[in-house]
Amino acid sequence: MTLKLIALVDGSTYSASVCDHAAWIAGRTGAAVELLHVLGRREGVDKQDLSGAIKLGARTALMEELAELDAQRSRLVAHRGRAILEDAHAILTRAGVSEITTRLRHGDIVETVAEVEKDASLILIGKRGEAADFARGHLGSNLERIVRASHKPVFVASRAFRPVQKVLVAYDGGTSAMKAIDHIARSALFAGLQVTVATVGTPSAEVKKGLENAHAMLRAAGLEASTTIVEGQPETALGKLVEAEGFDMLVMGAYGHSRIRSLVIGSTTTEMLRSCKVPVVLVR
């Protein structure tokens, strides 16, 4: 069975990066790529009632004209969506990806991803969407919703693509961190890359044991792996490590082991998404 990646594109500045990263992943894993653009339910719909309190005959004519304008607007939005998909398809084709499909859908993006992710191995999305390009301190609202809802690993693309050689894995011994290690060990994406497993905290016997187990699993999969323990708070220490050591990608669990699994993702995860300038892979 061929692996499939779902790449979400929306016309933002991050969409080209999503395509470049999808092409890189497809090249390393042989996966097919499905490009998905979702038109929100309200797109193309005018929320204002411009008819006003006017005479019946004129109002009827105006309503007909407004209905035609709404129809035109909806057609333009759909046309723009198809153009976005065509541009994304061209980027992947130029990068040498052969198995590419496109899908234009109407509805809620999270509900749509839930429907189509069943036969996918990875979801790719930009860190921010069209409405958030200039709000650099904020994550795209759809990103956090998708991370909460998706049952598949989510690859969060950085603003620009660069080749990946060094991978940092944030490991806290929790369930999602252990799943992240298992994901790396099983995926062809990480073959030949330098993988470092890092724990933030004090070097206790329990911490060392957890790192040894993670290291053994990666080495058994044939990966070049090392471990490290850094002091400080996870929200800041991991970001500093990425910058200082020149890591090209961060992999981490979407939730910390000590956090309540509520409607929000872990605070460390959120801060890493905000601050890291490299792609982040989140595993639930």
# chains A, B, ... in the order shown; residues from 1 in each chain; ligands from 1
$ residues_around --residues "segment 174-189 of chain A" --least-positions-apart "4" --cutoff "6 Å" --atoms "only C-alpha atoms" --output "PDB file with C-alpha atoms, in the first residue's frame"
ATOM      1  CA  ARG A  28      12.552  10.173   0.795  1.00  0.00           C
ATOM      2  CA  THR A  29       9.581   7.893   1.454  1.00  0.00           C
ATOM      3  CA  LEU A 218      16.361   4.203  17.288  1.00  0.00           C
ATOM      4  CA  ALA A 221      16.076   0.776  13.523  1.00  0.00           C
ATOM      5  CA  GLY A 253       4.759  14.746  21.349  1.00  0.00           C
ATOM      6  CA  HIS A 257       2.991  13.356  30.034  1.00  0.00           C
ATOM      7  CA  VAL A 283       2.900  13.093  17.334  1.00  0.00           C
ATOM      8  CA  ARG A 284      -0.116  12.350  19.548  1.00  0.00           C
TER       9      ARG A 284
END
$ residues_around --residues "Val18 of chain A" --least-positions-apart "3" --cutoff "6 Å" --atoms "only C-alpha atoms" --output "list in words"
Ser15, His21 and Ala157 of chain A
$ closest_residue --among "A:Ala149, A:Ala23, A:Val154, A:Ala71" --to "Thr93 of chain A" --atoms "only C-alpha atoms"
A:Ala23
$ atom_distance --atom1 "atom CA of Val33 of chain A" --atom2 "atom CA of Ala83 of chain A"
17.3 Å
$ closest_residue --among "A:Lys240, A:Arg105, A:Arg82, A:Lys209" --to "Gly11 of chain A" --atoms "only C-alpha atoms"
A:Arg82
$ select_by_dssp --residues "segment 100-256 of chain A" --states "alpha helix (DSSP H)" --output "ChimeraX atom specification"
/A:109-116,141-149,175-186,205-220,234-245
$ closest_residue --among "A:Ser267, A:Val167, A:Leu238, A:Glu144" --to "Glu224 of chain A" --atoms "only C-alpha atoms"
A:Val167
$ select_by_dssp --residues "segment 104-247 of chain A" --states "strand (DSSP E or B)" --output "PyMOL selection string"
chain A and resi 104-106+122-126+154-157+166-170+194-200+224-230
$ closest_residue --among "A:Arg162, A:Arg219, A:Lys4, A:Arg145" --to "Val110 of chain A" --atoms "only C-alpha atoms"
A:Arg145
$ residues_around --residues "Thr228 of chain A" --least-positions-apart "4" --cutoff "12 Å" --atoms "only C-alpha atoms" --output "number ranges by chain"
A: 168-172, 195-203, 207-208, 210-212, 214-215, 238, 241, 245
$ residues_around --residues "Glu271 of chain A" --least-positions-apart "5" --cutoff "9 Å" --atoms "only C-alpha atoms" --output "list of chain:residue names"
A:Glu235, A:Thr236, A:Gly239, A:Gly266, A:Cys276
$ residues_around --residues "Asn142 of chain A" --least-positions-apart "5" --cutoff "12 Å" --atoms "only C-alpha atoms" --output "list in words"
Leu8, Val9, Asp10, Val38, Gly40, Asp108, Ile109, Val110, Glu111, Thr112, Val113, Ile125, Gly126, Lys127, Arg128, Gly129, Glu130, Ala131, Ala132, Val147, Arg148, Ala149, Ser150 and Val156 of chain A
$ residues_around --residues "Ala78 of chain A" --least-positions-apart "3" --cutoff "9 Å" --atoms "only C-alpha atoms" --output "VMD selection string"
chain A and resid 39 44 73 to 75 81 to 83 104
$ write_last_selection --atoms "C-alpha atoms" --output "short mmCIF file (atom, residue, chain, number, x, y, z; two decimals), in the first residue's frame"
data_model
loop_
_atom_site.label_atom_id
_atom_site.label_comp_id
_atom_site.auth_asym_id
_atom_site.auth_seq_id
_atom_site.Cartn_x
_atom_site.Cartn_y
_atom_site.Cartn_z
CA LEU A 39 -13.33 26.53 1.26
CA GLY A 44 -18.15 33.82 -0.82
CA ARG A 73 -18.49 35.58 -5.55
CA SER A 74 -18.82 31.87 -4.79
CA ARG A 75 -17.61 31.01 -8.29
CA GLY A 81 -9.15 27.56 -4.80
CA ARG A 82 -8.55 25.61 -8.00
CA ALA A 83 -5.79 28.06 -8.99
CA LEU A 104 -11.17 21.06 -3.38
#
$ residues_around --residues "Leu35 of chain A" --least-positions-apart "4" --cutoff "8 Å" --atoms "only C-alpha atoms" --output "list in words"
Ile6, Ala7, Leu8, Val9, Leu85, Ala88, His89, Ile100, Thr101, Thr102 and Arg103 of chain A
$ decode --residues "segment 130-284 of chain A" --atoms "C-alpha atoms" --output "PDB file, in the first residue's frame"
ATOM      1  CA  GLU A 130      -3.527  33.642   5.193  1.00  0.00           C
ATOM      2  CA  ALA A 131      -5.056  35.732   7.959  1.00  0.00           C
ATOM      3  CA  ALA A 132      -2.057  35.353  10.281  1.00  0.00           C
ATOM      4  CA  ASP A 133       0.927  36.189   8.063  1.00  0.00           C
ATOM      5  CA  PHE A 134       1.538  39.487   9.826  1.00  0.00           C
ATOM      6  CA  ALA A 135       0.686  38.282  13.327  1.00  0.00           C
ATOM      7  CA  ARG A 136       3.902  36.438  13.961  1.00  0.00           C
ATOM      8  CA  GLY A 137       3.241  35.966  17.643  1.00  0.00           C
ATOM      9  CA  HIS A 138       0.115  33.974  16.929  1.00  0.00           C
ATOM     10  CA  LEU A 139      -0.347  30.514  15.491  1.00  0.00           C
ATOM     11  CA  GLY A 140      -2.868  29.876  12.774  1.00  0.00           C
ATOM     12  CA  SER A 141      -6.191  29.030  14.408  1.00  0.00           C
ATOM     13  CA  ASN A 142      -6.686  26.044  12.117  1.00  0.00           C
ATOM     14  CA  LEU A 143      -3.272  24.640  13.050  1.00  0.00           C
ATOM     15  CA  GLU A 144      -4.115  24.212  16.711  1.00  0.00           C
ATOM     16  CA  ARG A 145      -7.556  22.802  15.892  1.00  0.00           C
ATOM     17  CA  ILE A 146      -6.046  20.237  13.530  1.00  0.00           C
ATOM     18  CA  VAL A 147      -3.336  19.213  16.016  1.00  0.00           C
ATOM     19  CA  ARG A 148      -6.003  18.658  18.649  1.00  0.00           C
ATOM     20  CA  ALA A 149      -8.263  16.657  16.349  1.00  0.00           C
ATOM     21  CA  SER A 150      -5.969  14.689  14.053  1.00  0.00           C
ATOM     22  CA  HIS A 151      -5.039  11.105  14.857  1.00  0.00           C
ATOM     23  CA  LYS A 152      -2.053  11.205  12.509  1.00  0.00           C
ATOM     24  CA  PRO A 153       1.307  12.949  12.961  1.00  0.00           C
ATOM     25  CA  VAL A 154       1.156  16.603  11.932  1.00  0.00           C
ATOM     26  CA  PHE A 155       4.109  18.178  10.108  1.00  0.00           C
ATOM     27  CA  VAL A 156       4.140  21.939  10.699  1.00  0.00           C
ATOM     28  CA  ALA A 157       6.113  23.624   7.935  1.00  0.00           C
ATOM     29  CA  SER A 158       8.328  26.608   8.666  1.00  0.00           C
ATOM     30  CA  ARG A 159       8.184  29.742   6.515  1.00  0.00           C
ATOM     31  CA  ALA A 160      10.883  28.515   4.130  1.00  0.00           C
ATOM     32  CA  PHE A 161      12.239  25.084   3.214  1.00  0.00           C
ATOM     33  CA  ARG A 162      15.819  24.080   3.825  1.00  0.00           C
ATOM     34  CA  PRO A 163      17.376  20.607   3.546  1.00  0.00           C
ATOM     35  CA  VAL A 164      17.086  18.566   6.738  1.00  0.00           C
ATOM     36  CA  GLN A 165      20.118  16.748   8.132  1.00  0.00           C
ATOM     37  CA  LYS A 166      19.902  17.144  11.926  1.00  0.00           C
ATOM     38  CA  VAL A 167      16.761  16.229  13.855  1.00  0.00           C
ATOM     39  CA  LEU A 168      16.071  17.028  17.506  1.00  0.00           C
ATOM     40  CA  VAL A 169      13.568  14.874  19.372  1.00  0.00           C
ATOM     41  CA  ALA A 170      12.060  16.324  22.552  1.00  0.00           C
ATOM     42  CA  TYR A 171      11.582  13.415  24.949  1.00  0.00           C
ATOM     43  CA  ASP A 172       9.861  13.607  28.335  1.00  0.00           C
ATOM     44  CA  GLY A 173       9.017   9.937  28.830  1.00  0.00           C
ATOM     45  CA  GLY A 174       5.313  10.514  28.231  1.00  0.00           C
ATOM     46  CA  THR A 175       3.051   8.495  25.967  1.00  0.00           C
ATOM     47  CA  SER A 176       3.127  10.897  23.034  1.00  0.00           C
ATOM     48  CA  ALA A 177       6.935  11.239  23.284  1.00  0.00           C
ATOM     49  CA  MET A 178       7.284   7.446  23.173  1.00  0.00           C
ATOM     50  CA  LYS A 179       4.989   7.381  20.145  1.00  0.00           C
ATOM     51  CA  ALA A 180       7.221   9.988  18.524  1.00  0.00           C
ATOM     52  CA  ILE A 181      10.260   7.727  18.988  1.00  0.00           C
ATOM     53  CA  ASP A 182       8.327   4.808  17.519  1.00  0.00           C
ATOM     54  CA  HIS A 183       7.229   6.954  14.564  1.00  0.00           C
ATOM     55  CA  ILE A 184      10.828   7.951  13.827  1.00  0.00           C
ATOM     56  CA  ALA A 185      12.035   4.352  14.090  1.00  0.00           C
ATOM     57  CA  ARG A 186       9.405   3.126  11.633  1.00  0.00           C
ATOM     58  CA  SER A 187       9.550   5.926   9.064  1.00  0.00           C
ATOM     59  CA  ALA A 188      11.851   5.956   6.061  1.00  0.00           C
ATOM     60  CA  LEU A 189      11.833   9.741   6.313  1.00  0.00           C
ATOM     61  CA  PHE A 190      14.488   9.704   9.051  1.00  0.00           C
ATOM     62  CA  ALA A 191      16.852   7.169   7.472  1.00  0.00           C
ATOM     63  CA  GLY A 192      20.351   8.625   7.185  1.00  0.00           C
ATOM     64  CA  LEU A 193      19.592  11.690   9.289  1.00  0.00           C
ATOM     65  CA  GLN A 194      21.374  12.611  12.514  1.00  0.00           C
ATOM     66  CA  VAL A 195      18.901  12.218  15.379  1.00  0.00           C
ATOM     67  CA  THR A 196      19.440  13.617  18.868  1.00  0.00           C
ATOM     68  CA  VAL A 197      17.014  12.776  21.677  1.00  0.00           C
ATOM     69  CA  ALA A 198      16.906  15.502  24.309  1.00  0.00           C
ATOM     70  CA  THR A 199      15.326  15.629  27.752  1.00  0.00           C
ATOM     71  CA  VAL A 200      15.016  18.862  29.692  1.00  0.00           C
ATOM     72  CA  GLY A 201      15.606  18.388  33.413  1.00  0.00           C
ATOM     73  CA  THR A 202      18.042  16.856  35.851  1.00  0.00           C
ATOM     74  CA  PRO A 203      20.032  13.711  34.994  1.00  0.00           C
ATOM     75  CA  SER A 204      18.250  11.346  37.387  1.00  0.00           C
ATOM     76  CA  ALA A 205      18.367   7.566  37.033  1.00  0.00           C
ATOM     77  CA  GLU A 206      14.814   7.565  35.697  1.00  0.00           C
ATOM     78  CA  VAL A 207      15.597  10.182  33.061  1.00  0.00           C
ATOM     79  CA  LYS A 208      18.740   8.358  31.962  1.00  0.00           C
ATOM     80  CA  LYS A 209      16.847   5.075  31.718  1.00  0.00           C
ATOM     81  CA  GLY A 210      14.190   6.657  29.526  1.00  0.00           C
ATOM     82  CA  LEU A 211      16.794   8.105  27.201  1.00  0.00           C
ATOM     83  CA  GLU A 212      18.597   4.775  27.009  1.00  0.00           C
ATOM     84  CA  ASN A 213      15.368   3.047  25.954  1.00  0.00           C
ATOM     85  CA  ALA A 214      14.658   5.687  23.306  1.00  0.00           C
ATOM     86  CA  HIS A 215      18.230   5.484  22.048  1.00  0.00           C
ATOM     87  CA  ALA A 216      18.101   1.679  21.852  1.00  0.00           C
ATOM     88  CA  MET A 217      14.887   1.763  19.805  1.00  0.00           C
ATOM     89  CA  LEU A 218      16.361   4.203  17.288  1.00  0.00           C
ATOM     90  CA  ARG A 219      19.671   2.343  17.021  1.00  0.00           C
ATOM     91  CA  ALA A 220      17.785  -0.919  16.471  1.00  0.00           C
ATOM     92  CA  ALA A 221      16.076   0.776  13.523  1.00  0.00           C
ATOM     93  CA  GLY A 222      19.466   1.604  12.047  1.00  0.00           C
ATOM     94  CA  LEU A 223      19.411   5.302  12.841  1.00  0.00           C
ATOM     95  CA  GLU A 224      22.391   7.375  13.883  1.00  0.00           C
ATOM     96  CA  ALA A 225      21.203   8.587  17.271  1.00  0.00           C
ATOM     97  CA  SER A 226      22.583  10.315  20.348  1.00  0.00           C
ATOM     98  CA  THR A 227      21.080  11.610  23.588  1.00  0.00           C
ATOM     99  CA  THR A 228      21.486  14.690  25.740  1.00  0.00           C
ATOM    100  CA  ILE A 229      20.066  16.217  28.910  1.00  0.00           C
ATOM    101  CA  VAL A 230      19.699  19.992  29.130  1.00  0.00           C
ATOM    102  CA  GLU A 231      18.770  22.111  32.112  1.00  0.00           C
ATOM    103  CA  GLY A 232      16.101  24.770  32.219  1.00  0.00           C
ATOM    104  CA  GLN A 233      12.457  25.086  31.273  1.00  0.00           C
ATOM    105  CA  PRO A 234      11.336  23.076  28.240  1.00  0.00           C
ATOM    106  CA  GLU A 235       9.640  26.112  26.657  1.00  0.00           C
ATOM    107  CA  THR A 236      12.975  27.957  26.379  1.00  0.00           C
ATOM    108  CA  ALA A 237      15.695  25.295  26.624  1.00  0.00           C
ATOM    109  CA  LEU A 238      14.547  23.365  23.563  1.00  0.00           C
ATOM    110  CA  GLY A 239      14.371  26.471  21.390  1.00  0.00           C
ATOM    111  CA  LYS A 240      17.863  27.517  22.466  1.00  0.00           C
ATOM    112  CA  LEU A 241      19.183  24.029  21.695  1.00  0.00           C
ATOM    113  CA  VAL A 242      17.683  24.101  18.201  1.00  0.00           C
ATOM    114  CA  GLU A 243      19.370  27.442  17.504  1.00  0.00           C
ATOM    115  CA  ALA A 244      22.711  26.694  19.157  1.00  0.00           C
ATOM    116  CA  GLU A 245      23.261  23.280  17.581  1.00  0.00           C
ATOM    117  CA  GLY A 246      21.772  24.071  14.167  1.00  0.00           C
ATOM    118  CA  PHE A 247      18.995  21.483  14.133  1.00  0.00           C
ATOM    119  CA  ASP A 248      16.870  21.453  10.995  1.00  0.00           C
ATOM    120  CA  MET A 249      13.737  19.841  12.434  1.00  0.00           C
ATOM    121  CA  LEU A 250      12.089  19.220  15.803  1.00  0.00           C
ATOM    122  CA  VAL A 251       9.968  16.161  16.626  1.00  0.00           C
ATOM    123  CA  MET A 252       7.907  16.068  19.787  1.00  0.00           C
ATOM    124  CA  GLY A 253       4.759  14.746  21.349  1.00  0.00           C
ATOM    125  CA  ALA A 254       1.762  17.035  21.076  1.00  0.00           C
ATOM    126  CA  TYR A 255       1.113  16.640  24.804  1.00  0.00           C
ATOM    127  CA  GLY A 256       3.390  16.409  27.820  1.00  0.00           C
ATOM    128  CA  HIS A 257       2.991  13.356  30.034  1.00  0.00           C
ATOM    129  CA  SER A 258       2.050  15.398  33.084  1.00  0.00           C
ATOM    130  CA  ARG A 259      -0.509  17.608  31.390  1.00  0.00           C
ATOM    131  CA  ILE A 260      -4.260  17.145  31.426  1.00  0.00           C
ATOM    132  CA  ARG A 261      -5.459  16.215  27.957  1.00  0.00           C
ATOM    133  CA  SER A 262      -7.900  19.064  27.638  1.00  0.00           C
ATOM    134  CA  LEU A 263      -9.021  21.061  24.633  1.00  0.00           C
ATOM    135  CA  VAL A 264      -5.636  22.753  24.248  1.00  0.00           C
ATOM    136  CA  ILE A 265      -2.311  21.294  23.265  1.00  0.00           C
ATOM    137  CA  GLY A 266       0.537  21.340  25.762  1.00  0.00           C
ATOM    138  CA  SER A 267       2.095  24.700  26.581  1.00  0.00           C
ATOM    139  CA  THR A 268       5.588  23.483  25.656  1.00  0.00           C
ATOM    140  CA  THR A 269       4.287  22.357  22.288  1.00  0.00           C
ATOM    141  CA  THR A 270       2.572  25.682  21.679  1.00  0.00           C
ATOM    142  CA  GLU A 271       5.689  27.652  22.571  1.00  0.00           C
ATOM    143  CA  MET A 272       7.860  25.499  20.311  1.00  0.00           C
ATOM    144  CA  LEU A 273       5.499  26.091  17.414  1.00  0.00           C
ATOM    145  CA  ARG A 274       5.581  29.819  18.032  1.00  0.00           C
ATOM    146  CA  SER A 275       9.323  30.224  18.472  1.00  0.00           C
ATOM    147  CA  CYS A 276      11.013  27.560  16.339  1.00  0.00           C
ATOM    148  CA  LYS A 277      12.107  28.619  12.875  1.00  0.00           C
ATOM    149  CA  VAL A 278      12.407  24.989  11.762  1.00  0.00           C
ATOM    150  CA  PRO A 279       9.656  22.477  10.930  1.00  0.00           C
ATOM    151  CA  VAL A 280       8.001  20.753  13.877  1.00  0.00           C
ATOM    152  CA  VAL A 281       6.536  17.258  13.692  1.00  0.00           C
ATOM    153  CA  LEU A 282       3.866  16.616  16.330  1.00  0.00           C
ATOM    154  CA  VAL A 283       2.900  13.093  17.334  1.00  0.00           C
ATOM    155  CA  ARG A 284      -0.116  12.350  19.548  1.00  0.00           C
TER     156      ARG A 284
END
